[in-house]
file run14.csv (CSV, C-alpha atoms)
chain,number,residue,atom,x,y,z
A,1,MET,CA,16.2,45.3,20.0
A,2,ASP,CA,17.3,44.5,23.5
A,3,PHE,CA,14.8,41.7,23.8
A,4,TYR,CA,17.2,39.5,21.8
A,5,ALA,CA,20.2,37.7,23.3
A,6,GLU,CA,23.4,38.8,21.7
A,7,PRO,CA,24.1,35.8,19.4
A,8,LEU,CA,20.6,36.0,18.0
A,9,ALA,CA,20.7,39.8,17.6
A,10,ARG,CA,24.0,39.5,15.6
A,11,LEU,CA,22.5,36.9,13.3
A,12,ILE,CA,19.4,39.1,12.7
A,13,GLU,CA,21.7,42.0,11.9
A,14,LYS,CA,23.7,39.8,9.4
A,15,PHE,CA,20.6,38.7,7.6
A,16,ALA,CA,19.3,42.3,7.5
A,17,SER,CA,22.5,43.4,5.9
A,18,LEU,CA,21.7,41.2,2.8
A,19,PRO,CA,20.2,43.0,-0.1
A,20,GLY,CA,16.4,43.1,-0.1
A,21,ILE,CA,16.1,41.6,3.3
A,22,GLY,CA,14.3,43.9,5.8
A,23,GLY,CA,14.0,43.7,9.5
A,24,LYS,CA,11.0,41.4,9.7
A,25,THR,CA,12.4,38.9,7.2
A,26,ALA,CA,15.8,38.9,9.0
A,27,LYS,CA,14.0,38.0,12.2
A,28,ARG,CA,12.1,35.2,10.5
A,29,LEU,CA,15.3,33.8,8.9
A,30,ALA,CA,17.2,34.0,12.2
A,31,PHE,CA,14.5,32.2,14.1
A,32,HIS,CA,14.5,29.6,11.3
A,33,VAL,CA,18.3,29.1,11.8
A,34,LEU,CA,17.6,28.5,15.5
A,35,SER,CA,15.1,25.8,14.5
A,36,LEU,CA,17.7,23.9,12.5
A,37,SER,CA,19.8,21.2,14.0
A,38,VAL,CA,23.4,22.1,14.9
A,39,GLU,CA,24.6,20.0,11.9
A,40,GLN,CA,22.3,21.8,9.5
A,41,ALA,CA,23.4,25.2,10.8
A,42,GLN,CA,27.0,24.2,10.5
A,43,ASP,CA,26.3,22.9,7.0
A,44,PHE,CA,24.7,26.2,6.0
A,45,ALA,CA,27.7,28.1,7.4
A,46,ASP,CA,30.2,25.8,5.6
A,47,THR,CA,28.3,26.3,2.3
A,48,ILE,CA,28.7,30.1,2.6
A,49,VAL,CA,32.4,29.9,3.2
A,50,ASN,CA,32.9,27.3,0.5
A,51,ALA,CA,31.0,29.3,-2.1
A,52,LYS,CA,33.1,32.4,-1.3
A,53,THR,CA,36.5,30.6,-1.1
A,54,GLY,CA,35.7,28.0,-3.8
A,55,MET,CA,34.6,30.4,-6.5
A,56,LYS,CA,37.0,32.6,-8.5
A,57,PHE,CA,37.0,34.6,-11.7
A,58,CYS,CA,37.2,32.7,-14.9
A,59,SER,CA,40.6,33.6,-16.4
A,60,ILE,CA,39.0,34.4,-19.7
A,61,CYS,CA,35.5,36.0,-19.2
A,62,GLN,CA,35.9,36.9,-15.5
A,63,ASN,CA,32.6,35.1,-14.7
A,64,MET,CA,32.5,33.3,-11.3
A,65,THR,CA,33.6,29.7,-11.6
A,66,ASP,CA,35.1,26.9,-9.4
A,67,GLY,CA,37.7,26.0,-11.9
A,68,ASP,CA,40.3,28.0,-13.9
A,69,VAL,CA,38.0,28.5,-16.9
A,70,CYS,CA,34.2,28.6,-16.7
A,71,VAL,CA,32.0,26.1,-18.4
A,72,ILE,CA,31.0,28.5,-21.1
A,73,CYS,CA,34.6,29.6,-22.0
A,74,GLY,CA,35.5,25.9,-21.8
A,75,ASP,CA,32.9,25.0,-24.5
A,76,ASP,CA,34.6,24.8,-27.9
A,77,ARG,CA,31.4,24.6,-29.9
A,78,ARG,CA,30.3,28.2,-29.3
A,79,GLU,CA,30.7,31.0,-31.8
A,80,LYS,CA,34.2,32.4,-31.2
A,81,SER,CA,33.6,35.7,-33.1
A,82,VAL,CA,31.1,37.2,-30.7
A,83,VAL,CA,31.5,38.4,-27.1
A,84,CYS,CA,28.6,39.7,-25.1
A,85,VAL,CA,29.6,42.2,-22.3
A,86,VAL,CA,27.5,42.1,-19.2
A,87,GLU,CA,27.7,43.8,-15.8
A,88,ASN,CA,27.2,40.8,-13.5
A,89,PRO,CA,27.4,37.0,-13.4
A,90,GLY,CA,23.6,36.9,-13.0
A,91,ASP,CA,23.2,38.6,-16.4
A,92,VAL,CA,25.1,35.7,-18.0
A,93,ILE,CA,22.5,33.3,-16.6
A,94,ALA,CA,19.7,35.6,-17.9
A,95,MET,CA,21.2,35.6,-21.4
A,96,GLU,CA,21.8,31.9,-21.3
A,97,GLN,CA,18.2,31.2,-20.3
A,98,THR,CA,17.0,32.8,-23.6
A,99,GLY,CA,18.7,29.9,-25.3
A,100,GLU,CA,19.3,32.2,-28.3
A,101,TYR,CA,22.9,33.4,-27.7
A,102,LYS,CA,25.7,31.1,-28.8
A,103,GLY,CA,28.8,33.3,-28.4
A,104,TYR,CA,31.0,34.0,-25.4
A,105,TYR,CA,30.7,36.4,-22.5
A,106,HIS,CA,32.7,39.0,-20.7
A,107,VAL,CA,31.6,40.0,-17.1
A,108,LEU,CA,32.6,43.5,-16.0
A,109,HIS,CA,31.6,43.1,-12.4
A,110,GLY,CA,30.0,46.4,-12.2
A,111,ALA,CA,29.4,49.5,-14.3
A,112,ILE,CA,31.2,52.8,-14.4
A,113,SER,CA,29.6,55.1,-11.8
A,114,PRO,CA,31.7,58.1,-10.7
A,115,MET,CA,28.9,59.0,-8.1
A,116,ASP,CA,29.6,55.7,-6.4
A,117,GLY,CA,33.3,55.9,-6.8
A,118,VAL,CA,33.4,53.2,-9.5
A,119,ASN,CA,36.0,54.1,-12.1
A,120,PRO,CA,36.8,52.3,-15.4
A,121,SER,CA,39.8,50.8,-13.7
A,122,ASP,CA,37.6,49.2,-11.0
A,123,ILE,CA,35.8,46.9,-13.5
A,124,LYS,CA,37.1,44.3,-15.8
A,125,ILE,CA,37.6,46.5,-18.9
A,126,ALA,CA,41.4,45.9,-19.3
A,127,GLU,CA,40.7,42.1,-19.4
A,128,LEU,CA,38.2,42.7,-22.2
A,129,LEU,CA,40.6,44.6,-24.3
A,130,THR,CA,43.3,41.9,-23.8
A,131,ARG,CA,40.8,39.4,-25.2
A,132,LEU,CA,40.3,41.5,-28.3
A,133,SER,CA,44.0,41.8,-29.1
A,134,ASP,CA,44.1,38.8,-31.5
A,135,ASP,CA,41.6,39.0,-34.4
A,136,THR,CA,39.2,36.2,-33.3
A,137,VAL,CA,36.4,38.5,-32.0
A,138,LYS,CA,34.5,40.3,-34.7
A,139,GLU,CA,31.6,41.7,-32.7
A,140,VAL,CA,31.2,42.9,-29.1
A,141,ILE,CA,27.6,43.1,-27.9
A,142,MET,CA,27.2,45.6,-25.1
A,143,ALA,CA,24.5,44.1,-22.8
A,144,THR,CA,25.1,46.4,-19.8
A,145,ASN,CA,21.9,47.4,-17.9
A,146,PRO,CA,19.6,50.0,-19.6
A,147,ASN,CA,20.3,52.6,-16.9
A,148,ILE,CA,22.6,55.7,-16.7
A,149,GLU,CA,25.6,53.7,-15.4
A,150,GLY,CA,25.1,50.9,-17.9
A,151,GLU,CA,24.7,53.3,-20.9
A,152,ALA,CA,27.8,55.2,-19.8
A,153,THR,CA,29.8,52.0,-19.5
A,154,ALA,CA,28.6,50.8,-22.9
A,155,MET,CA,29.6,54.1,-24.4
A,156,TYR,CA,33.0,54.2,-22.7
A,157,ILE,CA,33.9,50.7,-23.8
A,158,SER,CA,32.6,51.1,-27.3
A,159,LYS,CA,34.9,54.1,-27.8
A,160,LEU,CA,37.9,52.0,-26.7
A,161,ILE,CA,37.0,49.0,-28.9
A,162,LYS,CA,36.0,50.7,-32.1
A,163,PRO,CA,39.7,51.7,-33.0
A,164,LEU,CA,40.5,48.0,-32.8
A,165,GLY,CA,38.3,47.4,-35.9
A,166,VAL,CA,35.8,45.4,-33.9
A,167,LYS,CA,32.1,45.9,-34.4
A,168,VAL,CA,30.3,47.1,-31.3
A,169,THR,CA,26.5,46.7,-30.9
A,170,ARG,CA,24.1,47.5,-28.2
A,171,ILE,CA,21.1,45.4,-27.2
A,172,ALA,CA,17.7,46.9,-28.2
A,173,HIS,CA,15.8,49.2,-25.9
A,174,GLY,CA,12.0,49.0,-26.2
A,175,VAL,CA,8.7,47.9,-24.6
A,176,PRO,CA,9.1,44.6,-22.7
A,177,VAL,CA,7.1,41.7,-24.2
A,178,GLY,CA,3.9,41.2,-22.3
A,179,ALA,CA,3.9,44.7,-20.8
A,180,ASP,CA,1.2,47.3,-21.1
A,181,LEU,CA,2.0,50.2,-23.4
A,182,GLU,CA,0.0,52.5,-21.1
A,183,TYR,CA,2.5,51.9,-18.3
A,184,ALA,CA,5.7,52.2,-20.3
A,185,ASP,CA,7.7,55.3,-19.3
A,186,LYS,CA,8.4,58.0,-21.8
A,187,VAL,CA,12.1,57.3,-22.4
A,188,THR,CA,11.4,53.6,-23.1
A,189,LEU,CA,8.6,54.4,-25.4
A,190,THR,CA,10.8,56.9,-27.3
A,191,MET,CA,13.5,54.3,-27.6
A,192,ALA,CA,10.9,51.8,-28.8
A,193,LEU,CA,9.8,54.2,-31.5
A,194,GLU,CA,13.3,55.0,-32.6
A,195,GLY,CA,14.2,51.4,-32.8
A,196,ARG,CA,11.1,50.4,-34.8
A,197,ARG,CA,11.6,47.8,-37.6
A,198,GLU,CA,9.6,47.1,-40.7
A,199,MET,CA,7.2,44.2,-40.4
B,1,MET,CA,20.7,25.3,-12.9
B,2,ASP,CA,23.7,23.8,-14.7
B,3,PHE,CA,25.1,27.3,-15.4
B,4,TYR,CA,26.2,27.5,-11.8
B,5,ALA,CA,29.4,26.0,-10.6
B,6,GLU,CA,28.8,23.6,-7.7
B,7,PRO,CA,29.7,25.7,-4.7
B,8,LEU,CA,27.5,28.5,-5.9
B,9,ALA,CA,24.6,26.1,-6.8
B,10,ARG,CA,24.8,24.7,-3.3
B,11,LEU,CA,24.6,28.1,-1.7
B,12,ILE,CA,21.7,29.1,-3.8
B,13,GLU,CA,19.9,25.9,-2.8
B,14,LYS,CA,20.6,26.7,0.9
B,15,PHE,CA,19.2,30.2,0.7
B,16,ALA,CA,16.2,28.9,-1.2
B,17,SER,CA,15.5,26.4,1.6
B,18,LEU,CA,14.9,29.4,4.0
B,19,PRO,CA,11.3,30.3,4.7
B,20,GLY,CA,9.9,32.9,2.3
B,21,ILE,CA,13.0,32.9,0.1
B,22,GLY,CA,12.3,32.0,-3.5
B,23,GLY,CA,14.6,31.1,-6.3
B,24,LYS,CA,15.3,34.6,-7.6
B,25,THR,CA,16.0,36.0,-4.1
B,26,ALA,CA,18.2,33.0,-3.3
B,27,LYS,CA,20.3,33.8,-6.4
B,28,ARG,CA,20.6,37.5,-5.4
B,29,LEU,CA,21.7,36.6,-1.9
B,30,ALA,CA,24.2,34.0,-3.1
B,31,PHE,CA,25.8,36.5,-5.5
B,32,HIS,CA,25.9,39.0,-2.7
B,33,VAL,CA,27.8,36.5,-0.6
B,34,LEU,CA,30.3,36.1,-3.5
B,35,SER,CA,30.7,39.9,-3.4
B,36,LEU,CA,31.7,39.9,0.2
B,37,SER,CA,35.3,39.6,1.3
B,38,VAL,CA,36.5,36.2,2.6
B,39,GLU,CA,36.5,37.6,6.1
B,40,GLN,CA,33.0,38.9,5.8
B,41,ALA,CA,31.8,35.5,4.5
B,42,GLN,CA,33.6,33.7,7.3
B,43,ASP,CA,32.0,36.1,9.8
B,44,PHE,CA,28.5,35.5,8.4
B,45,ALA,CA,29.1,31.8,8.7
B,46,ASP,CA,30.4,32.1,12.2
B,47,THR,CA,27.4,34.1,13.3
B,48,ILE,CA,25.1,31.4,12.0
B,49,VAL,CA,26.9,28.7,14.0
B,50,ASN,CA,27.2,30.9,17.1
B,51,ALA,CA,23.6,31.8,17.1
B,52,LYS,CA,22.6,28.1,16.8
B,53,THR,CA,25.1,26.8,19.4
B,54,GLY,CA,25.0,29.8,21.7
B,55,MET,CA,21.3,30.0,22.1
B,56,LYS,CA,19.4,27.6,24.3
B,57,PHE,CA,16.0,27.4,26.0
B,58,CYS,CA,15.5,29.5,29.1
B,59,SER,CA,15.1,27.1,32.0
B,60,ILE,CA,12.0,28.8,33.2
B,61,CYS,CA,9.9,30.1,30.2
B,62,GLN,CA,11.6,28.1,27.4
B,63,ASN,CA,12.3,31.2,25.3
B,64,MET,CA,15.6,31.3,23.4
B,65,THR,CA,18.4,32.9,25.4
B,66,ASP,CA,22.2,32.8,25.6
B,67,GLY,CA,22.3,32.3,29.4
B,68,ASP,CA,20.5,29.9,31.7
B,69,VAL,CA,17.6,32.2,32.3
B,70,CYS,CA,16.3,34.8,29.8
B,71,VAL,CA,16.3,38.6,30.5
B,72,ILE,CA,12.6,38.6,31.1
B,73,CYS,CA,12.6,35.7,33.6
B,74,GLY,CA,15.6,37.3,35.2
B,75,ASP,CA,13.8,40.5,35.8
B,76,ASP,CA,12.4,40.6,39.4
B,77,ARG,CA,10.2,43.7,38.9
B,78,ARG,CA,7.7,42.0,36.7
B,79,GLU,CA,4.3,40.8,37.9
B,80,LYS,CA,4.8,37.3,39.2
B,81,SER,CA,1.1,36.3,39.2
B,82,VAL,CA,0.6,36.4,35.4
B,83,VAL,CA,2.0,34.1,32.7
B,84,CYS,CA,1.4,34.7,29.0
B,85,VAL,CA,1.6,31.6,26.9
B,86,VAL,CA,2.7,32.1,23.3
B,87,GLU,CA,3.7,29.8,20.4
B,88,ASN,CA,7.0,31.2,19.4
B,89,PRO,CA,9.9,33.4,20.6
B,90,GLY,CA,8.9,36.0,18.0
B,91,ASP,CA,5.5,36.3,19.7
B,92,VAL,CA,7.3,37.4,23.0
B,93,ILE,CA,8.9,40.2,21.1
B,94,ALA,CA,5.6,41.2,19.6
B,95,MET,CA,4.0,41.3,23.0
B,96,GLU,CA,6.9,43.2,24.6
B,97,GLN,CA,6.8,45.8,21.9
B,98,THR,CA,3.3,46.7,23.0
B,99,GLY,CA,4.9,47.9,26.3
B,100,GLU,CA,1.6,47.0,28.0
B,101,TYR,CA,2.3,43.6,29.4
B,102,LYS,CA,4.3,43.4,32.6
B,103,GLY,CA,4.0,39.7,33.5
B,104,TYR,CA,6.1,36.7,32.5
B,105,TYR,CA,5.9,34.4,29.4
B,106,HIS,CA,5.9,30.8,28.5
B,107,VAL,CA,7.0,29.8,25.0
B,108,LEU,CA,5.4,26.5,23.7
B,109,HIS,CA,7.6,26.3,20.6
B,110,GLY,CA,4.7,25.3,18.4
B,111,ALA,CA,1.0,24.5,18.5
B,112,ILE,CA,-0.8,21.2,18.7
B,113,SER,CA,-1.4,20.0,15.1
B,114,PRO,CA,-2.2,16.3,14.6
B,115,MET,CA,-2.2,16.9,10.9
B,116,ASP,CA,1.4,17.9,11.0
B,117,GLY,CA,2.3,15.3,13.6
B,118,VAL,CA,2.7,17.8,16.4
B,119,ASN,CA,1.2,16.2,19.6
B,120,PRO,CA,0.9,17.9,23.0
B,121,SER,CA,4.1,16.1,24.1
B,122,ASP,CA,6.0,17.8,21.3
B,123,ILE,CA,5.6,21.3,22.7
B,124,LYS,CA,6.5,22.7,26.1
B,125,ILE,CA,3.2,22.1,27.9
B,126,ALA,CA,4.7,19.9,30.7
B,127,GLU,CA,7.2,22.7,31.5
B,128,LEU,CA,4.2,25.1,31.8
B,129,LEU,CA,2.4,22.8,34.2
B,130,THR,CA,5.5,22.5,36.4
B,131,ARG,CA,5.7,26.3,36.7
B,132,LEU,CA,2.1,26.4,38.0
B,133,SER,CA,2.7,23.8,40.7
B,134,ASP,CA,3.4,26.4,43.4
B,135,ASP,CA,0.6,29.0,43.9
B,136,THR,CA,2.5,32.0,42.6
B,137,VAL,CA,0.7,32.2,39.2
B,138,LYS,CA,-2.9,33.3,39.4
B,139,GLU,CA,-3.7,33.9,35.8
B,140,VAL,CA,-2.5,32.3,32.5
B,141,ILE,CA,-3.2,34.3,29.4
B,142,MET,CA,-3.4,32.1,26.3
B,143,ALA,CA,-1.9,34.2,23.5
B,144,THR,CA,-1.5,31.4,20.9
B,145,ASN,CA,-2.2,32.3,17.3
B,146,PRO,CA,-5.9,32.9,16.3
B,147,ASN,CA,-6.0,30.0,13.9
B,148,ILE,CA,-7.2,26.4,14.2
B,149,GLU,CA,-4.0,25.0,15.8
B,150,GLY,CA,-3.6,28.0,18.1
B,151,GLU,CA,-7.3,27.7,19.3
B,152,ALA,CA,-7.0,23.9,19.8
B,153,THR,CA,-3.8,24.4,21.8
B,154,ALA,CA,-5.4,27.1,23.9
B,155,MET,CA,-8.4,24.9,24.6
B,156,TYR,CA,-6.2,21.9,25.4
B,157,ILE,CA,-4.0,23.7,27.8
B,158,SER,CA,-6.9,25.6,29.5
B,159,LYS,CA,-8.5,22.2,30.3
B,160,LEU,CA,-5.3,21.0,32.0
B,161,ILE,CA,-4.8,24.3,33.9
B,162,LYS,CA,-8.3,25.0,35.2
B,163,PRO,CA,-8.3,22.0,37.7
B,164,LEU,CA,-5.2,23.7,39.3
B,165,GLY,CA,-7.4,26.6,40.3
B,166,VAL,CA,-5.6,29.0,38.0
B,167,LYS,CA,-7.6,31.5,36.0
B,168,VAL,CA,-7.2,31.0,32.2
B,169,THR,CA,-7.9,33.9,29.8
B,170,ARG,CA,-7.7,34.1,26.0
B,171,ILE,CA,-6.6,37.3,24.1
B,172,ALA,CA,-9.5,39.0,22.4
B,173,HIS,CA,-10.4,38.4,18.8
B,174,GLY,CA,-11.7,41.2,16.7
B,175,VAL,CA,-11.1,43.7,14.0
B,176,PRO,CA,-7.5,44.8,13.8
B,177,VAL,CA,-6.9,48.5,14.6
B,178,GLY,CA,-6.5,50.5,11.4
B,179,ALA,CA,-8.2,47.8,9.2
B,180,ASP,CA,-11.2,48.3,7.0
B,181,LEU,CA,-14.4,46.7,8.3
B,182,GLU,CA,-15.3,45.9,4.7
B,183,TYR,CA,-12.4,43.6,4.3
B,184,ALA,CA,-12.7,41.8,7.7
B,185,ASP,CA,-13.6,38.1,7.3
B,186,LYS,CA,-16.9,36.8,8.6
B,187,VAL,CA,-15.4,34.8,11.5
B,188,THR,CA,-13.4,37.8,12.8
B,189,LEU,CA,-16.4,40.1,12.5
B,190,THR,CA,-18.5,37.6,14.4
B,191,MET,CA,-15.8,37.4,17.1
B,192,ALA,CA,-15.6,41.2,17.2
B,193,LEU,CA,-19.4,41.4,17.7
B,194,GLU,CA,-19.4,38.8,20.4
B,195,GLY,CA,-16.6,40.4,22.2
B,196,ARG,CA,-18.1,43.9,22.1
B,197,ARG,CA,-17.7,46.1,25.1
B,198,GLU,CA,-19.7,49.0,26.5
B,199,MET,CA,-18.2,52.4,25.6

call {"tool": "encode", "arguments": {"input": "run14.csv", "output": "structure tokens"}}
result
Amino acid sequence: MDFYAEPLARLIEKFASLPGIGGKTAKRLAFHVLSLSVEQAQDFADTIVNAKTGMKFCSICQNMTDGDVCVICGDDRREKSVVCVVENPGDVIAMEQTGEYKGYYHVLHGAISPMDGVNPSDIKIAELLTRLSDDTVKEVIMATNPNIEGEATAMYISKLIKPLGVKVTRIAHGVPVGADLEYADKVTLTMALEGRREM
Amino acid sequence: MDFYAEPLARLIEKFASLPGIGGKTAKRLAFHVLSLSVEQAQDFADTIVNAKTGMKFCSICQNMTDGDVCVICGDDRREKSVVCVVENPGDVIAMEQTGEYKGYYHVLHGAISPMDGVNPSDIKIAELLTRLSDDTVKEVIMATNPNIEGEATAMYISKLIKPLGVKVTRIAHGVPVGADLEYADKVTLTMALEGRREM
């Protein structure tokens, strides 16, 4: 790596520290930054800092927002009785893009994973329980990821919520639409069989 | 895109403007930035600006460097009679990584491409000719990319250099090592045949 002058080497290193960016891509991105004008590079840098400092947690659902309350929580026309619990802000977008869900959300910012040192107190579970303290919410949909951590988190939270008299549901597991049955893994296929519905 | 608060939307847009970064990757990178600490985000931003403002053209070979002269041009032990002409700083790294080349470089910062509005005066050809004015350099190796623009640039420059009495060579075209002959395109295979050498 000693072919690169230090400021460039550091930028390549920064890009390579981003998730999913390998060494070659990091080099390409760094050289691209060098090809920008000084103003464009400054603008890029400012955007990074602004995004980080300008975004905070929505005081209700804990999603990222630039105000006190996010646009979804600020929308009165949504169904107040349902809260969908997801791991990350990106999951909210994914759910919203279906256009099917009209309730509110709660973003945990992670999943319980003792292996990675993530305990229940490290994610936004307490904030969820606070929201359920009045009787507005009737159903909590656990939409954590369909992996070990996501399942464990869903299980953990459902045990906390059920005593409050709130219905807890889990999104369906099964074969993805458009996928090839031949390539579905055994666990998914078993889940798909278990969750079969009458036609 | 209206699910994103404005500072985040702008950051996603910035990432998506980088070469080879699509919408999904841009979202992932932007959310990653939000997961950094404010100090880390500030550090990332500073690195971008420092790389842009701290790097300039080497006064000899036009490669990017943080000093007046790059490490390669500053190395006296290299072979002074050979200059390898490449399109981009990344190409210098690629050549250096072979460990085989011991001469100096000249970085054009582009290739002649009238279609894209890149004329001979837009790339560092004049600087190359200046370097050849004394009689130190005996051979110029044209290592521009093996595509239309690279070939045209090599041809153009070789016509300018030959009258100066300097030998101009072109890197060999042929089948890449480790590749499958079956999948080599016709032009490459033709070039490989033409360039065959006795064993």

call {"tool": "interface_residues", "arguments": {"input": "run14.csv", "of": "chain A", "to": "chain B", "cutoff": "9 Å", "atoms": "all atoms listed in the file", "output": "PyMOL selection string"}}
result
chain A and resi 1+3-11+14-15+18-20+25+27-38+41-42+44-55+64-67+70-72+89-90+92-93+96

call {"tool": "write_last_selection", "arguments": {"input": "run14.csv", "atoms": "C-alpha atoms", "output": "PDB file, keeping the file's coordinate frame"}}
result
ATOM      1  CA  MET A   1      16.200  45.300  20.000  1.00  0.00           C
ATOM      2  CA  PHE A   3      14.800  41.700  23.800  1.00  0.00           C
ATOM      3  CA  TYR A   4      17.200  39.500  21.800  1.00  0.00           C
ATOM      4  CA  ALA A   5      20.200  37.700  23.300  1.00  0.00           C
ATOM      5  CA  GLU A   6      23.400  38.800  21.700  1.00  0.00           C
ATOM      6  CA  PRO A   7      24.100  35.800  19.400  1.00  0.00           C
ATOM      7  CA  LEU A   8      20.600  36.000  18.000  1.00  0.00           C
ATOM      8  CA  ALA A   9      20.700  39.800  17.600  1.00  0.00           C
ATOM      9  CA  ARG A  10      24.000  39.500  15.600  1.00  0.00           C
ATOM     10  CA  LEU A  11      22.500  36.900  13.300  1.00  0.00           C
ATOM     11  CA  LYS A  14      23.700  39.800   9.400  1.00  0.00           C
ATOM     12  CA  PHE A  15      20.600  38.700   7.600  1.00  0.00           C
ATOM     13  CA  LEU A  18      21.700  41.200   2.800  1.00  0.00           C
ATOM     14  CA  PRO A  19      20.200  43.000  -0.100  1.00  0.00           C
ATOM     15  CA  GLY A  20      16.400  43.100  -0.100  1.00  0.00           C
ATOM     16  CA  THR A  25      12.400  38.900   7.200  1.00  0.00           C
ATOM     17  CA  LYS A  27      14.000  38.000  12.200  1.00  0.00           C
ATOM     18  CA  ARG A  28      12.100  35.200  10.500  1.00  0.00           C
ATOM     19  CA  LEU A  29      15.300  33.800   8.900  1.00  0.00           C
ATOM     20  CA  ALA A  30      17.200  34.000  12.200  1.00  0.00           C
ATOM     21  CA  PHE A  31      14.500  32.200  14.100  1.00  0.00           C
ATOM     22  CA  HIS A  32      14.500  29.600  11.300  1.00  0.00           C
ATOM     23  CA  VAL A  33      18.300  29.100  11.800  1.00  0.00           C
ATOM     24  CA  LEU A  34      17.600  28.500  15.500  1.00  0.00           C
ATOM     25  CA  SER A  35      15.100  25.800  14.500  1.00  0.00           C
ATOM     26  CA  LEU A  36      17.700  23.900  12.500  1.00  0.00           C
ATOM     27  CA  SER A  37      19.800  21.200  14.000  1.00  0.00           C
ATOM     28  CA  VAL A  38      23.400  22.100  14.900  1.00  0.00           C
ATOM     29  CA  ALA A  41      23.400  25.200  10.800  1.00  0.00           C
ATOM     30  CA  GLN A  42      27.000  24.200  10.500  1.00  0.00           C
ATOM     31  CA  PHE A  44      24.700  26.200   6.000  1.00  0.00           C
ATOM     32  CA  ALA A  45      27.700  28.100   7.400  1.00  0.00           C
ATOM     33  CA  ASP A  46      30.200  25.800   5.600  1.00  0.00           C
ATOM     34  CA  THR A  47      28.300  26.300   2.300  1.00  0.00           C
ATOM     35  CA  ILE A  48      28.700  30.100   2.600  1.00  0.00           C
ATOM     36  CA  VAL A  49      32.400  29.900   3.200  1.00  0.00           C
ATOM     37  CA  ASN A  50      32.900  27.300   0.500  1.00  0.00           C
ATOM     38  CA  ALA A  51      31.000  29.300  -2.100  1.00  0.00           C
ATOM     39  CA  LYS A  52      33.100  32.400  -1.300  1.00  0.00           C
ATOM     40  CA  THR A  53      36.500  30.600  -1.100  1.00  0.00           C
ATOM     41  CA  GLY A  54      35.700  28.000  -3.800  1.00  0.00           C
ATOM     42  CA  MET A  55      34.600  30.400  -6.500  1.00  0.00           C
ATOM     43  CA  MET A  64      32.500  33.300 -11.300  1.00  0.00           C
ATOM     44  CA  THR A  65      33.600  29.700 -11.600  1.00  0.00           C
ATOM     45  CA  ASP A  66      35.100  26.900  -9.400  1.00  0.00           C
ATOM     46  CA  GLY A  67      37.700  26.000 -11.900  1.00  0.00           C
ATOM     47  CA  CYS A  70      34.200  28.600 -16.700  1.00  0.00           C
ATOM     48  CA  VAL A  71      32.000  26.100 -18.400  1.00  0.00           C
ATOM     49  CA  ILE A  72      31.000  28.500 -21.100  1.00  0.00           C
ATOM     50  CA  PRO A  89      27.400  37.000 -13.400  1.00  0.00           C
ATOM     51  CA  GLY A  90      23.600  36.900 -13.000  1.00  0.00           C
ATOM     52  CA  VAL A  92      25.100  35.700 -18.000  1.00  0.00           C
ATOM     53  CA  ILE A  93      22.500  33.300 -16.600  1.00  0.00           C
ATOM     54  CA  GLU A  96      21.800  31.900 -21.300  1.00  0.00           C
TER      55      GLU A  96
END

call {"tool": "atom_distance", "arguments": {"input": "run14.csv", "atom1": "CA of Glu194 (chain A)", "atom2": "CA of Leu181 (chain A)"}}
result
15.3 Å

call {"tool": "residues_around", "arguments": {"input": "run14.csv", "residues": "Met115 (chain B)", "least_positions_apart": "3", "cutoff": "12 Å", "atoms": "all atoms listed in the file", "output": "number ranges by chain"}}
result
B: 111-112, 118-119, 148-149

call {"tool": "write_last_selection", "arguments": {"input": "run14.csv", "atoms": "C-alpha atoms", "output": "CSV table (one decimal), in the coordinates of the input"}}
result
chain,number,residue,atom,x,y,z
B,111,ALA,CA,1.0,24.5,18.5
B,112,ILE,CA,-0.8,21.2,18.7
B,118,VAL,CA,2.7,17.8,16.4
B,119,ASN,CA,1.2,16.2,19.6
B,148,ILE,CA,-7.2,26.4,14.2
B,149,GLU,CA,-4.0,25.0,15.8

call {"tool": "closest_atom_pairs", "arguments": {"input": "run14.csv", "of": "region 54-91 of chain B", "to": "region 127-145 of chain B", "cutoff": "10 Å", "atoms": "all atoms listed in the file", "output": "JSON lines"}}
result
{"residue": "B:Ser59", "atom": "CA", "partner": "B:Glu127", "partner_atom": "CA", "distance": 9.1}
{"residue": "B:Ile60", "atom": "CA", "partner": "B:Arg131", "partner_atom": "CA", "distance": 7.6}
{"residue": "B:Cys61", "atom": "CA", "partner": "B:Leu128", "partner_atom": "CA", "distance": 7.7}
{"residue": "B:Gln62", "atom": "CA", "partner": "B:Glu127", "partner_atom": "CA", "distance": 8.1}
{"residue": "B:Glu79", "atom": "CA", "partner": "B:Val137", "partner_atom": "CA", "distance": 9.4}
{"residue": "B:Lys80", "atom": "CA", "partner": "B:Val137", "partner_atom": "CA", "distance": 6.5}
{"residue": "B:Ser81", "atom": "CA", "partner": "B:Val137", "partner_atom": "CA", "distance": 4.1}
{"residue": "B:Val82", "atom": "CA", "partner": "B:Glu139", "partner_atom": "CA", "distance": 5.0}
{"residue": "B:Val83", "atom": "CA", "partner": "B:Val140", "partner_atom": "CA", "distance": 4.9}
{"residue": "B:Cys84", "atom": "CA", "partner": "B:Ile141", "partner_atom": "CA", "distance": 4.6}
{"residue": "B:Val85", "atom": "CA", "partner": "B:Met142", "partner_atom": "CA", "distance": 5.1}
{"residue": "B:Val86", "atom": "CA", "partner": "B:Thr144", "partner_atom": "CA", "distance": 4.9}
{"residue": "B:Glu87", "atom": "CA", "partner": "B:Thr144", "partner_atom": "CA", "distance": 5.5}
{"residue": "B:Asn88", "atom": "CA", "partner": "B:Thr144", "partner_atom": "CA", "distance": 8.6}
{"residue": "B:Asp91", "atom": "CA", "partner": "B:Ala143", "partner_atom": "CA", "distance": 8.6}
